[in-house]
Each structure stands twice: as structure tokens, then as C-alpha cells.
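Down below is the structure, laid out as C-alpha cells.
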Amino acid sequence: MQAAFAMQQSGADNLTNQEKLLLKSFENIYKLYVLQLLLLLSLRDKAKEEIEIGLNKNFPTEADLNPNYKFVNNRILEMLANNDFIKAFKEKYRLNKWEVDKELVNYIWQKIKKSKLYKDYMSSPEQSFKEDQDFILALYKNFIAPEEKLHESFEADDSHWADDIAIANTLVMKTISGLKQGMSFNTLPPLFKDEIDRQFAIDLFRKVILNNKELTKLLVGKTPNWEYDRISEIDKLIMKMAIAEFLFFPSIPPNVTINEYVEIAKEFSTPKSNIFINGVLHNVRKELEEQDKLPKNARGKMNF
């Protein structure tokens, strides 16, 4: 959707170049995902650094001399730190953001240290893998995923990351929750479940761009109480993408398509757009069925 919208707004006409940008955006989402994992490790490094400072004081306190290593030795963080794929990915793409933006890392770390969540974890006598895992999940959910300063920093690095961060957050949570004690963990799950999944995004992009005139015709006259020209460009695009799925991706049931794009409208459009889009798409679907233009296997259940 972002790629198609950008192409339409810029007036670009080179589909190949725009596809390259789309593929680049997929890569950038994965970078954001890995950066989030690296942030967890940078917080761990910050904790290590504070312990070292305490031990090297001229007049260390009892607490300095007997530091609590529970967070530093957290099993989940250990697994991330020893992951060869993360190390190689960081090196390949030079993901040194946290080495540069130490102030942001420290800001987040100070908030975590003062929290009840952290204090309860550090004082708990339990020493289990599950406790370590639950703590990192809670830490990420409560202090990293919603952090506005972090979002602002990512958006400054890449304007698309403001929208992509939700995907990256989901990948991080799935990765951490999927870890098991003693498992081999030297890679990371891919952004797409398979090549077919990845190709779907490219094919949908092409179908929307190459069939823009035909998709527009199907929308004109289906927007009760609204002239087509008065509809926002993003709403038009959301509906064109849905109609493209109706026509060119028969393995996806139309009801699934409608539900998906209504949710997209809730996220990216105006508060009432989802209701409007839902009604229009149902009307278009009905007309396509009546005119026998809807692929037959798009009318039943999803094919596997």
C-alpha cells in the first residue's frame, strides 16, 4: 500500500524501479526487527558497564562489590548475544545505531531500572528460564514497544519505520516467546513464511498499478453520497487493492479480503473510513458476482 501510494503521488511511471524500492522496504523492516533485538543487548551492555564502574570505584560500597548479575545473565539475552545470525546481520548492514545513540539507550535503561517490574525480577529468588523469558517479554512490551522517544528516533532514520514498527514488534515478541531452554538458536525467523508469501506482495503491487484504470471504473458509482473525486486518495487505494484481490487472487475468499482491508483502513485512514470502505467493497463484490466476473474459486472457501 505504501509503495503504490508513493508511486501514485510522485507520478512515477517506472514500475521496475518502484518494485526495487518495495523490495528494499522489506529489507528495511527486517533491519528494524534486528535493531530491536540489538537494543535489548545494548541494555544488557549498559547493565554490565554500571557493574564494572561500581567494582572499580575507589571506595566501593557493599552493593558495588556484590553486584546482582541476574539481568546480565538473563538466559534470553544470552541466547540473543550468542546468535550468529544477529552478529553477521549487524556486521553486514552496519547496525551500530545503539553505539551511536547511547543517550537513548541510557534513557530507556534508567526507566527500566526504576520500574517495579525490574526491581521485582532482580529481587526474586527464582532462577528459571521461564522467569527470564517472561521478564524480557514484559520488559519489551512495557518499556520498548511503546516508547515514544524510540519511535521518534526510528522515524528520523527512516520515515516508513513509523508504520513498520508494529510489524517489527510482533516479530520480536514471537521470537522471544518461541525460545526454548537448550534449543539451537543460530538464526532468526524470516520476514515472510515462504517465497510465495513474498511474491504475493509484489504481484499485488503490480496488479494495482497496471490495472488502475479498470479498478477505478469499478469504484465509480459505487460510493453512495460521495462523488469519486471527493474520496481520499488513501481510501481509493485501499479499495482498489481489495478489488484487485477479488479479481486476481481467487485463492483468497472475498470476505477475508474485505475484513483485512477494513482493518487497514482503521489503521491508516480516517475514523469512519472503515465503515464506508466496508459498504463499498460489499457492493463491488455483489456486482462482480452478478456479472459473473468474480473468479469461481474466489466465491467459496480458501484453496490450500
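How things are named: the first chain in the C-alpha cells is A, the next is B, and so on; residues count from 1 in each chain; ligands count from 1 in the order shown.
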>> as a ChimeraX atom specification, please: the residues near His282 in chain A (cut-off 9 Å, only C-alpha atoms, same-chain neighbours under 5 positions excluded).
In response: /A:254-255,258,277,287
Would you export the selected residues with N, CA and C atoms as a short mmCIF file (atom, residue, chain, number, x, y, z; two decimals), in the first residue's frame, please?
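Everything below was put into again27.cif:
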```
data_model
loop_
_atom_site.label_atom_id
_atom_site.label_comp_id
_atom_site.auth_asym_id
_atom_site.auth_seq_id
_atom_site.Cartn_x
_atom_site.Cartn_y
_atom_site.Cartn_z
N PRO A 254 -13.33 -13.57 -0.72
CA PRO A 254 -13.65 -12.13 -0.69
C PRO A 254 -13.93 -11.60 0.70
N ASN A 255 -14.61 -12.39 1.54
CA ASN A 255 -14.90 -11.91 2.90
C ASN A 255 -13.62 -11.68 3.70
N ILE A 258 -12.15 -8.40 2.38
CA ILE A 258 -12.87 -7.23 2.91
C ILE A 258 -12.49 -6.97 4.36
N ILE A 277 -15.68 2.04 3.50
CA ILE A 277 -14.98 1.08 2.65
C ILE A 277 -15.64 -0.29 2.71
N GLU A 287 -21.75 -6.94 -7.28
CA GLU A 287 -21.86 -6.67 -8.72
C GLU A 287 -21.00 -7.62 -9.53
#
```
Could you pull the residues within 7 Å of range 239-245 of chain A, counting only C-alpha atoms, minus those fewer than 4 positions along the same chain, as an mmCIF file with C-alpha atoms, in the first residue's frame?
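around14.cif written:
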```
data_model
loop_
_atom_site.group_PDB
_atom_site.id
_atom_site.type_symbol
_atom_site.label_atom_id
_atom_site.label_comp_id
_atom_site.auth_asym_id
_atom_site.auth_seq_id
_atom_site.Cartn_x
_atom_site.Cartn_y
_atom_site.Cartn_z
ATOM 1 C CA LYS A 207 -1.879 -5.688 -10.305
ATOM 2 C CA VAL A 208 -2.955 -2.482 -8.585
ATOM 3 C CA LEU A 215 -10.130 -0.677 -10.854
ATOM 4 C CA ASP A 235 -9.307 5.248 0.692
ATOM 5 C CA PHE A 249 -6.184 -13.749 -6.312
ATOM 6 C CA THR A 257 -10.160 -9.630 1.761
ATOM 7 C CA ILE A 258 -12.873 -7.231 2.910
ATOM 8 C CA TYR A 261 -8.801 -4.003 4.201
ATOM 9 C CA ILE A 277 -14.979 1.078 2.651
ATOM 10 C CA LEU A 281 -16.460 -3.352 -1.163
#
```
>> Let's see if you can do this: from backbone DSSP, list all helix (DSSP H, G or I) residues in range 48-249 of chain A, as number ranges by chain.
In response: A: 48-55, 62-65, 75-81, 84-93, 97-100, 102-114, 116-123, 129-144, 148-157, 161-177, 195-210, 212-219, 228-230, 233-248
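Taking CA of Tyr33 in chain A and CA of Ala168 in chain A as endpoints, the distance between them is 4.5 Å.
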> Could you pull the residues within 10 Å of Leu171 in chain A, counting only C-alpha atoms, minus those fewer than 3 positions along the same chain, as an NGL selection string?
Replying inline: :A and (30 or 33-34 or 36-37 or 165-168 or 174-177 or 188-191)
For the selection just defined, write its residues with C-alpha atoms to a file, as a compact mmCIF listing (two decimals), in the first residue's frame.
```
# COMPACT_ATOMS: atom_id res chain seq x y z
CA TYR A 30 13.92 -6.72 8.88
CA TYR A 33 13.39 -6.03 13.73
CA VAL A 34 17.06 -6.85 14.32
CA GLN A 36 15.05 -4.03 18.36
CA LEU A 37 16.81 -7.23 19.38
CA ILE A 165 7.44 -0.70 13.86
CA ALA A 166 4.27 -2.66 14.66
CA ILE A 167 5.47 -5.47 12.36
CA ALA A 168 8.94 -5.42 13.93
CA LYS A 174 7.21 -14.02 18.56
CA THR A 175 10.95 -14.62 18.53
CA ILE A 176 11.36 -14.27 22.29
CA SER A 177 8.22 -16.23 23.17
CA LEU A 188 16.11 -15.77 13.06
CA PRO A 189 12.69 -16.38 11.51
CA PRO A 190 12.26 -14.83 8.04
CA LEU A 191 10.02 -11.84 7.38
```
> What lies within 7 Å of range 85-101 of chain A using only C-alpha atoms, ignoring chain neighbours under 5 positions off, as a PyMOL selection string?
Replying inline: chain A and resi 39+42+186-188
Residues of the last selection are to be written out with N, CA and C atoms, as a compact mmCIF listing (two decimals), in the first residue's frame.
```
# COMPACT_ATOMS: atom_id res chain seq x y z
N LEU A 39 18.82 -3.71 20.62
CA LEU A 39 18.56 -2.77 21.72
C LEU A 39 18.53 -3.52 23.05
N SER A 42 21.96 -4.03 24.01
CA SER A 42 22.60 -2.78 24.43
C SER A 42 22.20 -2.42 25.86
N ASN A 186 20.63 -20.18 16.25
CA ASN A 186 21.68 -19.51 15.50
C ASN A 186 21.17 -18.77 14.28
N THR A 187 19.86 -18.65 14.18
CA THR A 187 19.29 -17.89 13.07
C THR A 187 18.07 -17.14 13.59
N LEU A 188 17.33 -16.47 12.69
CA LEU A 188 16.11 -15.77 13.06
C LEU A 188 15.02 -16.13 12.05
```
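Between CA of Ile234 in chain A and CA of Asn17 in chain A lies a distance of 21.6 Å.
Omitting range 116-126 of chain A and its sequence neighbours fewer than 4 positions away, and counting only C-alpha atoms, the residues within 12 Å are Pro67, Asn68, Tyr69, Lys70, Phe71, Val72, Asn73, Asn74, Trp109, Gln110, Lys111, Ile112, Lys130, Glu131, Asp132, Gln133, Asp134, Phe135, Ile136, Leu137, Ala138, Leu139, Tyr140, Lys141, Asn142 and Phe143 of chain A.
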> When distances are computed from only C-alpha atoms, which of A:Val105, A:Leu35, A:Ala12, A:Val262 shows the smallest separation from Ala47 in chain A?
Replying inline: A:Val105
